[in-house]
file upload17.cif (mmCIF, C-alpha atoms and all ligand atoms)
data_entry
#
loop_
_atom_site.label_atom_id
_atom_site.label_comp_id
_atom_site.auth_asym_id
_atom_site.auth_seq_id
_atom_site.Cartn_x
_atom_site.Cartn_y
_atom_site.Cartn_z
CA MET Y 21 11.16 34.59 33.89
CA PRO Y 22 10.70 32.42 30.80
CA ASN Y 23 13.70 31.58 28.64
CA TRP Y 24 11.81 32.86 25.58
CA GLN Y 25 10.80 36.36 24.49
CA PRO Y 26 7.68 37.46 22.58
CA GLU Y 27 8.45 37.99 18.90
CA GLN Y 28 6.41 40.64 17.09
CA LEU Y 29 4.97 39.31 13.80
CA GLY Y 30 2.36 41.98 13.04
CA ALA Y 31 1.34 45.44 14.25
CA ARG Y 32 -0.73 43.83 17.03
CA THR Y 33 0.31 40.18 16.82
CA TRP Y 34 3.03 38.37 18.73
CA LEU Y 35 4.46 34.89 18.87
CA LEU Y 36 5.20 33.41 22.30
CA PRO Y 37 7.53 30.51 21.49
CA THR Y 38 6.82 28.48 24.64
CA GLY Y 39 7.84 25.18 23.05
CA VAL Y 40 4.49 24.91 21.33
CA ASN Y 41 3.80 28.16 19.45
CA VAL Y 42 1.35 30.43 21.28
CA GLY Y 43 -0.04 33.50 19.52
CA LEU Y 44 -1.01 36.78 21.14
CA TRP Y 45 -3.24 39.39 19.57
CA GLU Y 46 -3.56 42.73 21.29
CA GLY Y 47 -7.21 43.65 20.85
CA GLY Y 48 -9.06 46.72 22.07
CA ASP Y 49 -10.54 45.04 25.16
CA GLY Y 50 -7.46 43.07 26.10
CA ALA Y 51 -5.18 40.37 24.80
CA VAL Y 52 -6.31 37.19 23.06
CA LEU Y 53 -4.09 34.12 23.26
CA ILE Y 54 -4.10 31.52 20.51
CA ASP Y 55 -3.41 28.32 22.51
CA SER Y 56 -1.85 28.37 25.95
CA GLY Y 57 1.23 26.13 26.02
CA GLY Y 58 1.78 22.64 27.38
CA ASP Y 59 1.26 22.89 31.14
CA LYS Y 60 0.82 25.02 34.24
CA GLU Y 61 4.43 26.20 34.03
CA SER Y 62 3.84 27.47 30.48
CA GLY Y 63 0.74 29.25 31.77
CA ARG Y 64 2.79 30.83 34.56
CA GLN Y 65 5.46 32.03 32.12
CA ILE Y 66 2.85 33.43 29.73
CA ARG Y 67 1.27 35.30 32.65
CA GLN Y 68 4.65 36.79 33.63
CA VAL Y 69 5.06 38.10 30.09
CA LEU Y 70 1.47 39.45 30.05
CA GLU Y 71 2.10 41.33 33.30
CA GLN Y 72 5.48 42.63 32.23
CA ARG Y 73 3.99 44.06 29.01
CA GLY Y 74 0.80 45.33 30.66
CA TRP Y 75 -1.37 43.03 28.52
CA ASN Y 76 -4.71 42.12 30.09
CA LEU Y 77 -5.79 38.61 29.13
CA ASN Y 78 -9.37 38.52 27.87
CA LEU Y 79 -9.70 35.30 25.89
CA ILE Y 80 -7.86 32.09 24.96
CA VAL Y 81 -8.78 30.69 21.54
CA ASN Y 82 -7.71 27.04 21.32
CA THR Y 83 -6.90 25.76 17.83
CA HIS Y 84 -7.58 22.22 19.09
CA SER Y 85 -7.72 20.28 22.33
CA ASN Y 86 -4.38 18.39 22.43
CA ALA Y 87 -2.79 18.75 25.86
CA ASP Y 88 0.31 20.52 24.50
CA HIS Y 89 -1.94 23.35 23.20
CA VAL Y 90 -4.40 23.73 26.10
CA GLY Y 91 -2.15 22.87 29.06
CA GLY Y 92 -1.90 26.49 30.25
CA ASN Y 93 -5.69 27.12 30.09
CA ALA Y 94 -6.59 26.06 33.65
CA TYR Y 95 -3.85 28.14 35.32
CA LEU Y 96 -4.49 31.24 33.19
CA GLN Y 97 -8.26 31.00 33.60
CA LYS Y 98 -7.91 30.68 37.37
CA GLN Y 99 -5.47 33.59 37.62
CA THR Y 100 -7.12 36.01 35.21
CA GLY Y 101 -10.74 34.85 34.81
CA CYS Y 102 -10.28 34.83 31.03
CA ARG Y 103 -12.77 33.08 28.78
CA VAL Y 104 -11.84 30.10 26.61
CA ALA Y 105 -13.13 29.57 23.06
CA ALA Y 106 -13.04 26.39 20.98
CA THR Y 107 -15.08 24.49 18.39
CA ARG Y 108 -17.73 22.08 19.68
CA LEU Y 109 -15.85 18.76 19.52
CA GLU Y 110 -12.56 20.24 20.73
CA ALA Y 111 -14.45 21.95 23.58
CA ALA Y 112 -15.61 18.53 24.81
CA PHE Y 113 -11.98 17.37 25.18
CA ILE Y 114 -10.92 20.67 26.83
CA THR Y 115 -13.78 20.48 29.34
CA ASP Y 116 -13.21 16.76 30.10
CA PRO Y 117 -9.54 16.14 29.32
CA VAL Y 118 -9.65 12.42 30.22
CA LEU Y 119 -11.28 12.11 26.78
CA GLU Y 120 -7.88 12.57 25.08
CA PRO Y 121 -6.07 9.53 26.53
CA SER Y 122 -9.38 7.59 26.45
CA PHE Y 123 -9.83 8.38 22.76
CA LEU Y 124 -6.23 7.43 21.95
CA TRP Y 125 -6.26 4.19 23.95
CA GLY Y 126 -9.87 3.23 23.15
CA ALA Y 127 -10.86 2.59 26.79
CA ALA Y 128 -10.20 4.01 30.24
CA PRO Y 129 -6.47 4.81 30.03
CA PHE Y 130 -3.79 3.26 32.25
CA ARG Y 131 -1.74 5.46 34.56
CA GLU Y 132 1.16 6.16 32.18
CA LEU Y 133 -1.32 7.74 29.73
CA ARG Y 134 -2.84 10.10 32.27
CA GLY Y 135 0.17 12.43 32.64
CA LYS Y 136 0.14 16.07 31.47
CA PHE Y 137 1.56 15.06 28.09
CA LEU Y 138 -1.82 13.58 27.05
CA GLN Y 139 -4.22 14.86 29.72
CA ALA Y 140 -4.35 18.59 30.51
CA ALA Y 141 -6.04 20.14 33.55
CA PRO Y 142 -9.71 20.91 32.80
CA SER Y 143 -10.84 24.43 31.89
CA THR Y 144 -14.23 25.93 31.10
CA VAL Y 145 -15.09 26.74 27.50
CA SER Y 146 -17.67 29.53 27.45
CA LEU Y 147 -17.48 30.56 23.81
CA ALA Y 148 -18.41 27.99 21.15
CA LEU Y 149 -16.67 28.74 17.86
CA PRO Y 150 -17.88 27.97 14.37
CA ASP Y 151 -15.49 25.91 12.17
CA SER Y 152 -14.98 29.01 10.07
CA GLY Y 153 -15.85 32.67 10.43
CA PRO Y 154 -15.33 35.65 12.72
CA ILE Y 155 -14.40 34.98 16.35
CA PRO Y 156 -16.96 36.99 18.35
CA GLY Y 157 -15.65 40.00 20.24
CA THR Y 158 -12.36 40.05 18.30
CA GLU Y 159 -11.12 40.94 14.83
CA LEU Y 160 -9.82 37.38 14.43
CA GLU Y 161 -11.13 34.80 12.01
CA ALA Y 162 -11.38 31.02 12.47
CA VAL Y 163 -10.50 28.81 9.50
CA ALA Y 164 -11.49 25.11 9.51
CA LEU Y 165 -8.39 22.87 9.37
CA PRO Y 166 -9.60 19.34 10.27
CA GLY Y 167 -7.36 16.28 9.96
CA HIS Y 168 -4.76 16.43 12.72
CA PHE Y 169 -7.63 16.46 15.16
CA LEU Y 170 -11.42 16.30 14.94
CA GLN Y 171 -12.43 19.96 14.56
CA MET Y 172 -9.17 21.91 14.56
CA ILE Y 173 -9.12 25.53 13.38
CA GLY Y 174 -6.47 27.99 12.28
CA VAL Y 175 -6.66 31.63 13.33
CA ARG Y 176 -6.11 34.59 11.02
CA THR Y 177 -5.30 38.01 12.50
CA PRO Y 178 -6.25 41.29 10.76
CA ASP Y 179 -2.55 42.22 10.53
CA GLY Y 180 -1.60 39.30 8.31
CA VAL Y 181 -0.57 36.45 10.63
CA PHE Y 182 -2.00 32.96 10.22
CA PHE Y 183 -1.72 30.52 13.12
CA ALA Y 184 -2.07 27.07 11.56
CA GLY Y 185 -2.32 24.93 14.70
CA ASP Y 186 -0.93 21.45 14.00
CA ALA Y 187 -2.12 21.46 10.39
CA LEU Y 188 1.52 22.28 9.63
CA PHE Y 189 4.76 21.29 11.34
CA GLY Y 190 7.99 23.21 10.79
CA GLU Y 191 10.60 21.48 8.62
CA GLU Y 192 12.96 21.09 11.60
CA ILE Y 193 10.14 19.27 13.45
CA LEU Y 194 9.40 17.00 10.47
CA ALA Y 195 13.07 16.04 10.34
CA LYS Y 196 12.84 14.81 13.94
CA HIS Y 197 9.27 13.44 13.83
CA PRO Y 198 8.44 12.48 10.24
CA VAL Y 199 5.37 10.44 11.30
CA TYR Y 200 3.23 13.24 12.70
CA PHE Y 201 -0.06 12.60 14.46
CA LEU Y 202 -3.17 12.41 12.28
CA TYR Y 203 -6.78 11.61 13.07
CA ASP Y 204 -8.16 11.75 9.51
CA VAL Y 205 -5.79 11.52 6.54
CA ALA Y 206 -8.35 12.51 3.87
CA ALA Y 207 -9.44 15.59 5.85
CA HIS Y 208 -5.80 16.54 6.44
CA LEU Y 209 -5.02 16.29 2.71
CA SER Y 210 -7.94 18.66 1.97
CA THR Y 211 -6.62 20.98 4.68
CA LEU Y 212 -3.15 20.96 3.07
CA GLU Y 213 -4.78 21.72 -0.28
CA LYS Y 214 -6.51 24.72 1.28
CA LEU Y 215 -3.28 25.92 2.94
CA GLN Y 216 -1.36 25.62 -0.32
CA GLY Y 217 -2.82 28.87 -1.65
CA LEU Y 218 -2.82 30.70 1.68
CA ALA Y 219 -1.61 34.30 1.53
CA ALA Y 220 -0.31 35.82 4.77
CA GLU Y 221 2.64 37.87 5.98
CA TRP Y 222 3.54 35.08 8.39
CA ILE Y 223 2.36 31.49 8.68
CA VAL Y 224 2.94 29.99 12.11
CA PRO Y 225 2.96 26.18 12.44
CA GLY Y 226 1.97 24.69 15.79
CA HIS Y 227 5.57 23.60 16.30
CA GLY Y 228 8.63 25.07 14.57
CA ARG Y 229 9.54 28.43 13.08
CA PRO Y 230 7.10 30.76 11.28
CA VAL Y 231 7.47 31.02 7.50
CA ARG Y 232 6.62 33.68 4.90
CA GLU Y 233 5.28 31.29 2.27
CA ALA Y 234 2.90 28.38 2.74
CA GLY Y 235 3.84 26.43 -0.41
CA PRO Y 236 7.19 24.90 0.58
CA LEU Y 237 6.03 23.99 4.10
CA VAL Y 238 2.80 22.43 2.78
CA ALA Y 239 4.90 20.40 0.30
CA ALA Y 240 7.21 19.18 3.08
CA ASN Y 241 4.25 18.13 5.25
CA ARG Y 242 2.60 16.35 2.30
CA ALA Y 243 5.86 14.56 1.42
CA ALA Y 244 6.14 13.28 5.01
CA LEU Y 245 2.53 12.02 4.80
CA GLU Y 246 3.27 10.23 1.52
CA ARG Y 247 6.37 8.53 2.97
CA THR Y 248 4.31 7.29 5.92
CA ALA Y 249 1.51 6.05 3.61
CA ASP Y 250 4.03 4.23 1.37
CA THR Y 251 5.62 2.54 4.38
CA VAL Y 252 2.21 1.37 5.66
CA SER Y 253 1.26 0.05 2.19
CA SER Y 254 4.58 -1.77 1.74
CA ALA Y 255 4.24 -3.36 5.17
CA CYS Y 256 0.99 -4.96 3.91
CA ALA Y 257 2.54 -6.53 0.81
CA ARG Y 258 2.02 -9.76 2.75
CA PRO Y 259 -1.00 -9.88 5.10
CA ALA Y 260 0.10 -8.10 8.27
CA GLY Y 261 -1.43 -7.39 11.66
CA PHE Y 262 -1.55 -3.97 13.32
CA GLU Y 263 1.43 -4.64 15.61
CA GLU Y 264 3.57 -5.88 12.70
CA ILE Y 265 2.80 -2.76 10.63
CA LEU Y 266 3.50 -0.56 13.65
CA ALA Y 267 6.85 -2.30 14.18
CA GLU Y 268 7.71 -1.68 10.53
CA LEU Y 269 6.83 2.04 10.88
CA CYS Y 270 9.02 2.28 13.98
CA ARG Y 271 11.89 0.54 12.20
CA ALA Y 272 11.60 2.66 9.05
CA PHE Y 273 11.43 5.99 10.92
CA ALA Y 274 13.56 5.14 13.99
CA ILE Y 275 10.65 5.69 16.38
CA GLU Y 276 11.16 4.55 19.94
CA LEU Y 277 7.94 3.50 21.62
CA ASN Y 278 6.75 4.28 25.14
CA PRO Y 279 3.13 4.33 26.33
CA SER Y 280 2.39 7.82 24.89
CA GLN Y 281 4.18 7.18 21.61
CA TYR Y 282 2.42 3.82 21.30
CA VAL Y 283 -1.04 5.43 21.35
CA LEU Y 284 -0.02 8.45 19.25
CA VAL Y 285 1.78 6.51 16.51
CA GLY Y 286 -0.76 3.68 16.83
CA GLY Y 287 -3.70 6.08 16.42
CA THR Y 288 -1.98 7.63 13.42
CA LEU Y 289 -1.44 4.18 11.89
CA ARG Y 290 -5.18 3.46 12.32
CA ALA Y 291 -5.90 6.73 10.48
CA TYR Y 292 -3.73 5.61 7.55
CA LEU Y 293 -5.24 2.09 7.52
CA ALA Y 294 -8.78 3.54 7.41
CA TRP Y 295 -7.82 5.97 4.65
CA LEU Y 296 -6.09 3.29 2.54
CA ALA Y 297 -9.06 0.93 3.05
CA ASP Y 298 -11.56 3.62 1.98
CA ARG Y 299 -9.53 4.20 -1.19
CA GLY Y 300 -9.55 0.48 -1.95
CA ALA Y 301 -5.76 0.17 -1.57
CA LEU Y 302 -5.94 -2.11 1.49
CA ALA Y 303 -8.53 -4.56 2.72
CA PRO Y 304 -8.98 -5.94 6.21
CA GLY Y 305 -9.42 -9.66 6.78
CA PHE Y 306 -9.63 -11.97 9.79
CA GLU Y 307 -7.69 -15.16 10.34
CA ASN Y 308 -7.21 -17.28 13.46
CA GLY Y 309 -8.33 -14.50 15.76
CA ARG Y 310 -6.16 -11.82 14.07
CA MET Y 311 -7.11 -8.85 11.96
CA LEU Y 312 -4.83 -8.80 8.91
CA TRP Y 313 -4.40 -6.00 6.37
CA ARG Y 314 -3.44 -6.81 2.79
CA THR Y 315 -3.08 -4.83 -0.42
CA SER Y 316 -6.12 -5.28 -2.63
ZN ZN H 401 0.84 20.06 19.01
#
call {"tool": "encode", "arguments": {"input": "upload17.cif", "output": "structure tokens"}}
result
Amino acid sequence: MPNWQPEQLGARTWLLPTGVNVGLWEGGDGAVLIDSGGDKESGRQIRQVLEQRGWNLNLIVNTHSNADHVGGNAYLQKQTGCRVAATRLEAAFITDPVLEPSFLWGAAPFRELRGKFLQAAPSTVSLALPDSGPIPGTELEAVALPGHFLQMIGVRTPDGVFFAGDALFGEEILAKHPVYFLYDVAAHLSTLEKLQGLAAEWIVPGHGRPVREAGPLVAANRAALERTADTVSSACARPAGFEEILAELCRAFAIELNPSQYVLVGGTLRAYLAWLADRGALAPGFENGRMLWRTS
């Protein structure tokens, strides 16, 4: 049996703290999962809990396609025949999971990037979700939360629980990983703005403990973003190449690189560079076969 227990957050809503937070909503026609954990083993543990409680799995709603959130899909779909729902762009990555390491590396990925950490087993998405609005066949509502990934959503339950996907990280997670992954900094800032005024009984970040109030957690996530942005800007006080700025980020935040971290932190750095360039704070230049970023 798993070493975690379901925690009841609402009359019909549960949190399965598998490592990544998985939600469970007990609907009339069966249970709906919000994400599925990081791998086959997570899927197996979730299934044990479903069986033990007599919950019949009907649907998995994925907040986004990152392997740590969809890794249990394939096992659970095979075992239960459940449907999978996701937004259009996220569905592409869930259906063809080699897209995730390919997207992060920018070409066909090398072997160390093709492990379960970045590449989940494929599953079939049969329900295309809108960015925002009711999730068909359920009483759940999708809320657009782009920024961390291309077309991420949050999920609101009718009994007052809001699953925020990776739009928010718990404070204990931020303390360990202050440079969190971002695809689009501007979109993420708008998402944080939207979450600022969110009213719910519980707000569940993708990683970390649920909270009662959005405000303090949004502020902590925004502060971490600002520290990262300041470090990137400072590193470009003199013209600096991508690898130099990355090394400065790693030094400033005590990040140890390996192949996965290199593409995750590197992708995030590219998101900040693009954002700072679009705001006119940085400008790219080229010199002796190197791309150099400088403050403008
Ligand atoms: Zn995640």
call {"tool": "residues_around", "arguments": {"input": "upload17.cif", "residues": "Phe123 (chain Y)", "least_positions_apart": "6", "cutoff": "12 Å", "atoms": "all atoms listed in the file", "output": "list in words"}}
result
Asn86, Ala112, Phe113, Asp116, Pro117, Pro129, Leu133, Arg134, Leu138, Gln139, Phe169, Leu170, Tyr203, Val283, Leu284, Gly286 and Gly287 of chain Y
call {"tool": "residues_near_point", "arguments": {"input": "upload17.cif", "point": "(-3.7, 17.2, 6.3)", "cutoff": "10 Å", "atoms": "all atoms listed in the file", "output": "MDAnalysis selection string"}}
result
chainID Y and resid 165:169 186:188 202:215 238 241:242 245
call {"tool": "write_last_selection", "arguments": {"input": "upload17.cif", "atoms": "C-alpha atoms", "output": "PDB file, in the frame of the given file"}}
result
ATOM      1  CA  LEU Y 165      -8.390  22.870   9.370  1.00  0.00           C
ATOM      2  CA  PRO Y 166      -9.600  19.340  10.270  1.00  0.00           C
ATOM      3  CA  GLY Y 167      -7.360  16.280   9.960  1.00  0.00           C
ATOM      4  CA  HIS Y 168      -4.760  16.430  12.720  1.00  0.00           C
ATOM      5  CA  PHE Y 169      -7.630  16.460  15.160  1.00  0.00           C
ATOM      6  CA  ASP Y 186      -0.930  21.450  14.000  1.00  0.00           C
ATOM      7  CA  ALA Y 187      -2.120  21.460  10.390  1.00  0.00           C
ATOM      8  CA  LEU Y 188       1.520  22.280   9.630  1.00  0.00           C
ATOM      9  CA  LEU Y 202      -3.170  12.410  12.280  1.00  0.00           C
ATOM     10  CA  TYR Y 203      -6.780  11.610  13.070  1.00  0.00           C
ATOM     11  CA  ASP Y 204      -8.160  11.750   9.510  1.00  0.00           C
ATOM     12  CA  VAL Y 205      -5.790  11.520   6.540  1.00  0.00           C
ATOM     13  CA  ALA Y 206      -8.350  12.510   3.870  1.00  0.00           C
ATOM     14  CA  ALA Y 207      -9.440  15.590   5.850  1.00  0.00           C
ATOM     15  CA  HIS Y 208      -5.800  16.540   6.440  1.00  0.00           C
ATOM     16  CA  LEU Y 209      -5.020  16.290   2.710  1.00  0.00           C
ATOM     17  CA  SER Y 210      -7.940  18.660   1.970  1.00  0.00           C
ATOM     18  CA  THR Y 211      -6.620  20.980   4.680  1.00  0.00           C
ATOM     19  CA  LEU Y 212      -3.150  20.960   3.070  1.00  0.00           C
ATOM     20  CA  GLU Y 213      -4.780  21.720  -0.280  1.00  0.00           C
ATOM     21  CA  LYS Y 214      -6.510  24.720   1.280  1.00  0.00           C
ATOM     22  CA  LEU Y 215      -3.280  25.920   2.940  1.00  0.00           C
ATOM     23  CA  VAL Y 238       2.800  22.430   2.780  1.00  0.00           C
ATOM     24  CA  ASN Y 241       4.250  18.130   5.250  1.00  0.00           C
ATOM     25  CA  ARG Y 242       2.600  16.350   2.300  1.00  0.00           C
ATOM     26  CA  LEU Y 245       2.530  12.020   4.800  1.00  0.00           C
TER      27      LEU Y 245
END
call {"tool": "closest_residue", "arguments": {"input": "upload17.cif", "among": "Y:Leu296, Y:Ile54, Y:Ala267, Y:Ala87", "to": "Pro142 (chain Y)", "atoms": "only C-alpha atoms"}}
result
Y:Ala87
call {"tool": "residues_near_ligand", "arguments": {"input": "upload17.cif", "ligand": "ligand ZN 401 (chain H)", "cutoff": "12 Å", "atoms": "all atoms listed in the file", "output": "PyMOL selection string"}}
result
chain Y and resi 38-42+55-58+82-91+137-138+168-169+172+184-190+193+197+200-202+225-228+284
call {"tool": "closest_residue", "arguments": {"input": "upload17.cif", "among": "Y:Cys102, Y:Leu124, Y:Leu53, Y:Met21", "to": "Gln281 (chain Y)", "atoms": "all atoms listed in the file"}}
result
Y:Leu124
call {"tool": "closest_residue", "arguments": {"input": "upload17.cif", "among": "Y:Leu237, Y:Leu29, Y:Ala164, Y:Ala220", "to": "Leu194 (chain Y)", "atoms": "all atoms listed in the file"}}
result
Y:Leu237
call {"tool": "atom_distance", "arguments": {"input": "upload17.cif", "atom1": "CA of Thr315 (chain Y)", "atom2": "CA of Ala272 (chain Y)"}}
result
19.0 Å
call {"tool": "residues_around", "arguments": {"input": "upload17.cif", "residues": "Cys256 (chain Y)", "least_positions_apart": "2", "cutoff": "9 Å", "atoms": "only C-alpha atoms", "output": "ChimeraX atom specification"}}
result
/Y:251-254,258-261,265,302,312-315
call {"tool": "closest_residue", "arguments": {"input": "upload17.cif", "among": "Y:Leu218, Y:Ala294, Y:Ala51, Y:Val118", "to": "Arg131 (chain Y)", "atoms": "all atoms listed in the file"}}
result
Y:Val118
call {"tool": "residues_around", "arguments": {"input": "upload17.cif", "residues": "Gly47 (chain Y)", "least_positions_apart": "4", "cutoff": "8 Å", "atoms": "all atoms listed in the file", "output": "list in words"}}
result
Arg32, Ala51, Val52, Thr158 and Glu159 of chain Y
call {"tool": "atom_distance", "arguments": {"input": "upload17.cif", "atom1": "CA of Pro198 (chain Y)", "atom2": "CA of Leu269 (chain Y)"}}
result
10.6 Å
call {"tool": "atom_distance", "arguments": {"input": "upload17.cif", "atom1": "CA of Gln68 (chain Y)", "atom2": "CA of Thr144 (chain Y)"}}
result
21.9 Å
call {"tool": "residues_around", "arguments": {"input": "upload17.cif", "residues": "Leu70 (chain Y)", "least_positions_apart": "5", "cutoff": "12 Å", "atoms": "all atoms listed in the file", "output": "list in words"}}
result
Met21, Pro22, Gln25, Pro26, Trp34, Leu36, Leu44, Trp45, Glu46, Gly50, Ala51, Val52, Leu53, Gly63, Arg64, Gln65, Trp75, Asn76, Leu77, Asn78, Leu96, Gln99 and Thr100 of chain Y
call {"tool": "closest_residue", "arguments": {"input": "upload17.cif", "among": "Y:Lys98, Y:Arg229, Y:Lys60, Y:Lys136", "to": "Leu35 (chain Y)", "atoms": "all atoms listed in the file"}}
result
Y:Arg229
call {"tool": "residues_around", "arguments": {"input": "upload17.cif", "residues": "Val181 (chain Y)", "least_positions_apart": "6", "cutoff": "9 Å", "atoms": "only C-alpha atoms", "output": "list in words"}}
result
Leu29, Gly30, Thr33, Val175, Ala220, Glu221, Trp222, Ile223 and Val224 of chain Y
call {"tool": "build_atoms", "arguments": {"input": "upload17.cif", "residues": "region 257-281 of chain Y", "atoms": "N, CA and C atoms", "output": "PDB file, in the frame of the given file"}}
result
ATOM      1  N   ALA Y 257       2.311  -5.756   2.030  1.00  0.00           N
ATOM      2  CA  ALA Y 257       2.540  -6.530   0.810  1.00  0.00           C
ATOM      3  C   ALA Y 257       2.183  -7.994   1.075  1.00  0.00           C
ATOM      4  N   ARG Y 258       2.552  -8.473   2.259  1.00  0.00           N
ATOM      5  CA  ARG Y 258       2.020  -9.760   2.750  1.00  0.00           C
ATOM      6  C   ARG Y 258       1.046  -9.404   3.866  1.00  0.00           C
ATOM      7  N   PRO Y 259      -0.023 -10.206   4.060  1.00  0.00           N
ATOM      8  CA  PRO Y 259      -1.000  -9.880   5.100  1.00  0.00           C
ATOM      9  C   PRO Y 259      -0.306  -9.619   6.443  1.00  0.00           C
ATOM     10  N   ALA Y 260      -0.609  -8.486   7.044  1.00  0.00           N
ATOM     11  CA  ALA Y 260       0.100  -8.100   8.270  1.00  0.00           C
ATOM     12  C   ALA Y 260      -0.886  -7.568   9.308  1.00  0.00           C
ATOM     13  N   GLY Y 261      -0.610  -7.881  10.557  1.00  0.00           N
ATOM     14  CA  GLY Y 261      -1.430  -7.390  11.660  1.00  0.00           C
ATOM     15  C   GLY Y 261      -0.971  -5.998  12.089  1.00  0.00           C
ATOM     16  N   PHE Y 262      -1.821  -5.332  12.865  1.00  0.00           N
ATOM     17  CA  PHE Y 262      -1.550  -3.970  13.320  1.00  0.00           C
ATOM     18  C   PHE Y 262      -0.168  -3.837  13.956  1.00  0.00           C
ATOM     19  N   GLU Y 263       0.158  -4.761  14.886  1.00  0.00           N
ATOM     20  CA  GLU Y 263       1.430  -4.640  15.610  1.00  0.00           C
ATOM     21  C   GLU Y 263       2.631  -4.816  14.668  1.00  0.00           C
ATOM     22  N   GLU Y 264       2.473  -5.681  13.666  1.00  0.00           N
ATOM     23  CA  GLU Y 264       3.570  -5.880  12.700  1.00  0.00           C
ATOM     24  C   GLU Y 264       3.792  -4.606  11.866  1.00  0.00           C
ATOM     25  N   ILE Y 265       2.683  -3.985  11.449  1.00  0.00           N
ATOM     26  CA  ILE Y 265       2.800  -2.760  10.630  1.00  0.00           C
ATOM     27  C   ILE Y 265       3.400  -1.640  11.481  1.00  0.00           C
ATOM     28  N   LEU Y 266       2.960  -1.575  12.730  1.00  0.00           N
ATOM     29  CA  LEU Y 266       3.500  -0.560  13.650  1.00  0.00           C
ATOM     30  C   LEU Y 266       5.007  -0.761  13.832  1.00  0.00           C
ATOM     31  N   ALA Y 267       5.425  -2.014  14.005  1.00  0.00           N
ATOM     32  CA  ALA Y 267       6.850  -2.300  14.180  1.00  0.00           C
ATOM     33  C   ALA Y 267       7.635  -1.869  12.944  1.00  0.00           C
ATOM     34  N   GLU Y 268       7.046  -2.069  11.777  1.00  0.00           N
ATOM     35  CA  GLU Y 268       7.710  -1.680  10.530  1.00  0.00           C
ATOM     36  C   GLU Y 268       7.832  -0.146  10.442  1.00  0.00           C
ATOM     37  N   LEU Y 269       6.766   0.564  10.851  1.00  0.00           N
ATOM     38  CA  LEU Y 269       6.830   2.040  10.880  1.00  0.00           C
ATOM     39  C   LEU Y 269       7.939   2.503  11.821  1.00  0.00           C
ATOM     40  N   CYS Y 270       8.007   1.893  12.986  1.00  0.00           N
ATOM     41  CA  CYS Y 270       9.020   2.280  13.980  1.00  0.00           C
ATOM     42  C   CYS Y 270      10.430   2.011  13.451  1.00  0.00           C
ATOM     43  N   ARG Y 271      10.580   0.872  12.749  1.00  0.00           N
ATOM     44  CA  ARG Y 271      11.890   0.540  12.200  1.00  0.00           C
ATOM     45  C   ARG Y 271      12.257   1.555  11.110  1.00  0.00           C
ATOM     46  N   ALA Y 272      11.324   1.800  10.202  1.00  0.00           N
ATOM     47  CA  ALA Y 272      11.600   2.660   9.050  1.00  0.00           C
ATOM     48  C   ALA Y 272      11.908   4.104   9.471  1.00  0.00           C
ATOM     49  N   PHE Y 273      11.268   4.574  10.538  1.00  0.00           N
ATOM     50  CA  PHE Y 273      11.430   5.990  10.920  1.00  0.00           C
ATOM     51  C   PHE Y 273      12.143   6.162  12.259  1.00  0.00           C
ATOM     52  N   ALA Y 274      12.789   5.084  12.730  1.00  0.00           N
ATOM     53  CA  ALA Y 274      13.560   5.140  13.990  1.00  0.00           C
ATOM     54  C   ALA Y 274      12.744   5.732  15.134  1.00  0.00           C
ATOM     55  N   ILE Y 275      11.514   5.222  15.293  1.00  0.00           N
ATOM     56  CA  ILE Y 275      10.650   5.690  16.380  1.00  0.00           C
ATOM     57  C   ILE Y 275      10.825   4.765  17.572  1.00  0.00           C
ATOM     58  N   GLU Y 276      11.070   5.365  18.731  1.00  0.00           N
ATOM     59  CA  GLU Y 276      11.160   4.550  19.940  1.00  0.00           C
ATOM     60  C   GLU Y 276       9.830   4.632  20.679  1.00  0.00           C
ATOM     61  N   LEU Y 277       9.258   3.498  20.988  1.00  0.00           N
ATOM     62  CA  LEU Y 277       7.940   3.500  21.620  1.00  0.00           C
ATOM     63  C   LEU Y 277       8.032   3.622  23.140  1.00  0.00           C
ATOM     64  N   ASN Y 278       7.045   4.279  23.704  1.00  0.00           N
ATOM     65  CA  ASN Y 278       6.750   4.280  25.140  1.00  0.00           C
ATOM     66  C   ASN Y 278       5.220   4.350  25.180  1.00  0.00           C
ATOM     67  N   PRO Y 279       4.600   4.360  26.346  1.00  0.00           N
ATOM     68  CA  PRO Y 279       3.130   4.330  26.330  1.00  0.00           C
ATOM     69  C   PRO Y 279       2.498   5.460  25.504  1.00  0.00           C
ATOM     70  N   SER Y 280       2.980   6.703  25.642  1.00  0.00           N
ATOM     71  CA  SER Y 280       2.390   7.820  24.890  1.00  0.00           C
ATOM     72  C   SER Y 280       2.620   7.664  23.394  1.00  0.00           C
ATOM     73  N   GLN Y 281       3.868   7.336  23.023  1.00  0.00           N
ATOM     74  CA  GLN Y 281       4.180   7.180  21.610  1.00  0.00           C
ATOM     75  C   GLN Y 281       3.374   6.030  21.006  1.00  0.00           C
TER      76      GLN Y 281
END
